[in-house]
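Right, one structure below, let's go through it.
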Amino acid sequence: MSESQAGASMVEVHHLRKAFAGRVVLEDVSFTVARGTVCVVMGGSGSGKSTILRHLIGAYRPDAGQIYLDGEEITRLPERDLQRVRRKFGMLFQGGALLNSLTVGENVALPIRHHTDLQEETIAIMVKLKLELVGLRDAEHLKPSQLSGGMQKRISLARAIALDPKIVFYDEPSAGLDPIVTGVIDTLMVDLTKKMGITSVVVTHDMASAFRIADHMIMLHRGRIVASGTPDEIRQSDDPLVQQFITGAPDGPIPLRLSQKDYRADILGL
Amino acid sequence: MEPSLGKVGQFLSHLASISRLFVTTLYWACVAPFRERRPGFTTQSVLRFMYETGVRSIPIVVLIAVLTGVILVLQTAYQLRRYGQINLVAGLVAVSVVRELGPLLTAILVTGRVGAAYTAELGAMKVAEEILALEVMAVNPVGFLIAPRFLALVLMLPCLTILADAMGLLGGFVIGTTVFNISVLSYLNTTLVWLAFVDILTGLVKSLVFAVIIVMVGCYRALVVEGGPQGVGQATMASVVTSIVLIIVADSIFTAIMT
């Protein structure tokens with residue numbers, strides 16, 4: 001088990017490379033996330049940002065490169081050690097990923113029950129505390145299917161932080177939510193980071209949300225990091241690719257029309 | 001999956017993965033409760049699945065088993081009457097039901113009722129990233145989701161098979177003694193003479209193997225679901241078809257060995 005050189009970073013990614021069936025999805029991706037900060041990974045659909053997240057949680061193994069979480073290299077860990085590392089982090093899934101057969105309270109209690117020997121009364125108190133943090137204590141006895149999408153995500157966040165993790169990963173936290181609920185989730189994220197010292201890695205394509213929460217931003221395009229810096233640095237970047245992404249211009253370095261064949265030839269069947 | 005493998009290669013590669021999953025499941029269902037600090041599933045969850053898969057399958061199993069007994073008597077009596085051997089009906093029916101049709105029909109019914117439900121439920125969980133969420137929470141999905149289903153069905157399918165055997169014999173008995181006027185005493189006597197205890201045991205061992213096939217195929221198909229609701233539908237179909245094929249193949253091998 002090799003130790004990382006710099007102990008100050010919670011997440012370190014070195015020269016990550018991944019290809020699926022010969023198609024390169026990530027190429028030479030390196031970045032670090034300092035303890036207690038929010039790092040936002042941006043990029044369009046298919047840029048490889050979700051793939052990075054899957055590597056960070058140990059769901060994918062890279063073709064090359066290393067990932068250090070809290071100083072420990074995880075890319076070559078056997079399953080049993082990976083389980084131990086996974087107790088250090090929580091994750092908010094895009095769709096919430098709550099277990100529909102359990103109540104909200106049981107969902108939040110699941111990681112606590114599974115990893116501690118606490119009494120039922122203690123677990124009940126912990127569940128209430130976590131639900132209060134996300135403002136949904138009253139939902140404890142409801143089933144996830146009885147809640148709105150935004151509420152499900154808040155419950156999922158409560159579950160992600162149930163065991164007081166050091167790192168929380170967020171996969172598209174604002175996908176499918178209205179601006180107000182997005183604001184609520186953003187505030188919760190920043191609160192958790194600032195008040196509890198949690199390190200956050202957020203994958204998103206919601207620019208408004210990204211600029212609100214980020215301490216550091218990374219922009220991916222076709223599996224490579226094309227820009228990296230503080231929100232101000234990114235905003236002032238003169239890279240047309242970055243500007244297109246921020247302004248949401250339909251045409252630019254990322255073309256509007258993706259078809260390779262000549263339009264006229266295609267239409268006329270030449 | 002390599003496209004060059006072809007259908008047979010694909011099937012064999014699936015079979016190998018199912019076998020690996022079976023070994024992991026056996027560990028989580030039988031060894032982990034005594035070795036691991038936290039077994040991953042609770043006794044309540046096993047009981048709940050036993051109720052859902054076992055108790056709630058009783059009506060349909062009873063119906064099918066009784067009717068099978070009835071059909072068998074009608075068919076064999078029709079043939080045997082021509083040779084004046086109608087008293088043999090009871091014995092033939094008893095042996096066919098207990099050795100073959102009881103275990104086989106129950107397993108096929110349970111494939112449709114339980115195997116399909118397992119694939120659909122776990123497949124939907126896979127698509128909704130719930131299984132990945134369990135892994136990220138360091139909760140082993142095999143221990144948490146598959147082991148209790150495995151234990152429940154392995155315990156309940158033999159019970160359902162015994163019930164099906166009894167109901168099949170009852171259906172045959174009622175028709176044999178009423179429609180064909182075989183005396184009650186003669187019918188019971190022939191049944192007992194023809195039926196050996198080893199027949200019942202063979203049927204139960206078969207049903208145990210069938211239960212393993214149904215659970216493992218059902219759960220495996222769910223774990224490899226790709227691509228949304230359509231994927232879940234296809235996986236459920238594949239789960240039922242694969243289970244039934246494997247059950248009948250296993251049955252043929254069994255019968256060839258045991259007879």
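Chain labels follow the order of the structure tokens: the first chain is A, the next B, and so on; residue numbering restarts at 1 in every chain, and ligands are counted from 1 in their shown order.
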Residues of chain B were defined as contacting chain A if any atom lay at most 7 Å from it, counting only C-alpha atoms; please report them as a PDB file with N, CA and C atoms, in the first residue's frame.
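Result written to selection-v5.pdb:
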ATOM      1  N   ARG B  38     -21.103  -9.025  10.706  1.00  0.00           N
ATOM      2  CA  ARG B  38     -22.441  -8.638  10.264  1.00  0.00           C
ATOM      3  C   ARG B  38     -22.787  -9.454   9.024  1.00  0.00           C
ATOM      4  N   ALA B 128     -31.726   1.671 -11.282  1.00  0.00           N
ATOM      5  CA  ALA B 128     -31.848   2.892 -10.475  1.00  0.00           C
ATOM      6  C   ALA B 128     -30.603   3.154  -9.624  1.00  0.00           C
ATOM      7  N   GLU B 129     -29.513   2.423  -9.899  1.00  0.00           N
ATOM      8  CA  GLU B 129     -28.236   2.578  -9.189  1.00  0.00           C
ATOM      9  C   GLU B 129     -28.332   2.203  -7.716  1.00  0.00           C
ATOM     10  N   GLU B 130     -29.430   1.523  -7.314  1.00  0.00           N
ATOM     11  CA  GLU B 130     -29.560   1.164  -5.901  1.00  0.00           C
ATOM     12  C   GLU B 130     -28.513   0.138  -5.495  1.00  0.00           C
ATOM     13  N   ALA B 133     -25.334   1.861  -5.079  1.00  0.00           N
ATOM     14  CA  ALA B 133     -25.393   2.612  -3.819  1.00  0.00           C
ATOM     15  C   ALA B 133     -25.062   1.701  -2.638  1.00  0.00           C
ATOM     16  N   VAL B 136     -21.359   1.214  -2.579  1.00  0.00           N
ATOM     17  CA  VAL B 136     -20.657   2.396  -2.091  1.00  0.00           C
ATOM     18  C   VAL B 136     -20.794   2.519  -0.574  1.00  0.00           C
ATOM     19  N   MET B 137     -21.945   2.064  -0.030  1.00  0.00           N
ATOM     20  CA  MET B 137     -22.110   2.079   1.429  1.00  0.00           C
ATOM     21  C   MET B 137     -21.387   0.905   2.079  1.00  0.00           C
ATOM     22  N   ALA B 138     -20.597   0.170   1.269  1.00  0.00           N
ATOM     23  CA  ALA B 138     -19.862  -1.003   1.751  1.00  0.00           C
ATOM     24  C   ALA B 138     -20.811  -2.066   2.301  1.00  0.00           C
TER      25      ALA B 138
END
Per DSSP on the backbone, filter stretch 126-242 of chain A down to the residues in alpha helix (DSSP H) and report them as a PyMOL selection string.
chain A and resi 126-133+149-160+179-196+207-213+231-235+240-242
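Counting only C-alpha atoms and comparing B:Leu145, B:Leu192, B:Val93, B:Leu169, the residue that lies closest to B:Met216 is B:Leu145.
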Residues within 10 Å of stretch 137-139 of chain A, please, as a ChimeraX atom specification. Count only C-alpha atoms; anything in the same chain fewer than 4 positions from it doesn't count.
/A:103-105,127-133,143-144,146-147,151,155
Selection: 12 Å around stretch 178-180 of chain A, only C-alpha atoms, excl. self and same-chain fewer than 2 positions, as number ranges by chain
A: 148-151, 173-176, 182-187, 206, 208-209
Name the residues in contact with B:Pro141 at a cut-off of 9 Å, using only C-alpha atoms, excluding same-chain residues fewer than 6 positions from it; report them as a ChimeraX atom specification.
/B:40,131-132,134-135,147
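If you look at atom CA of A:Met10 and atom CA of A:Ser47, they are 23.7 Å away from each other.
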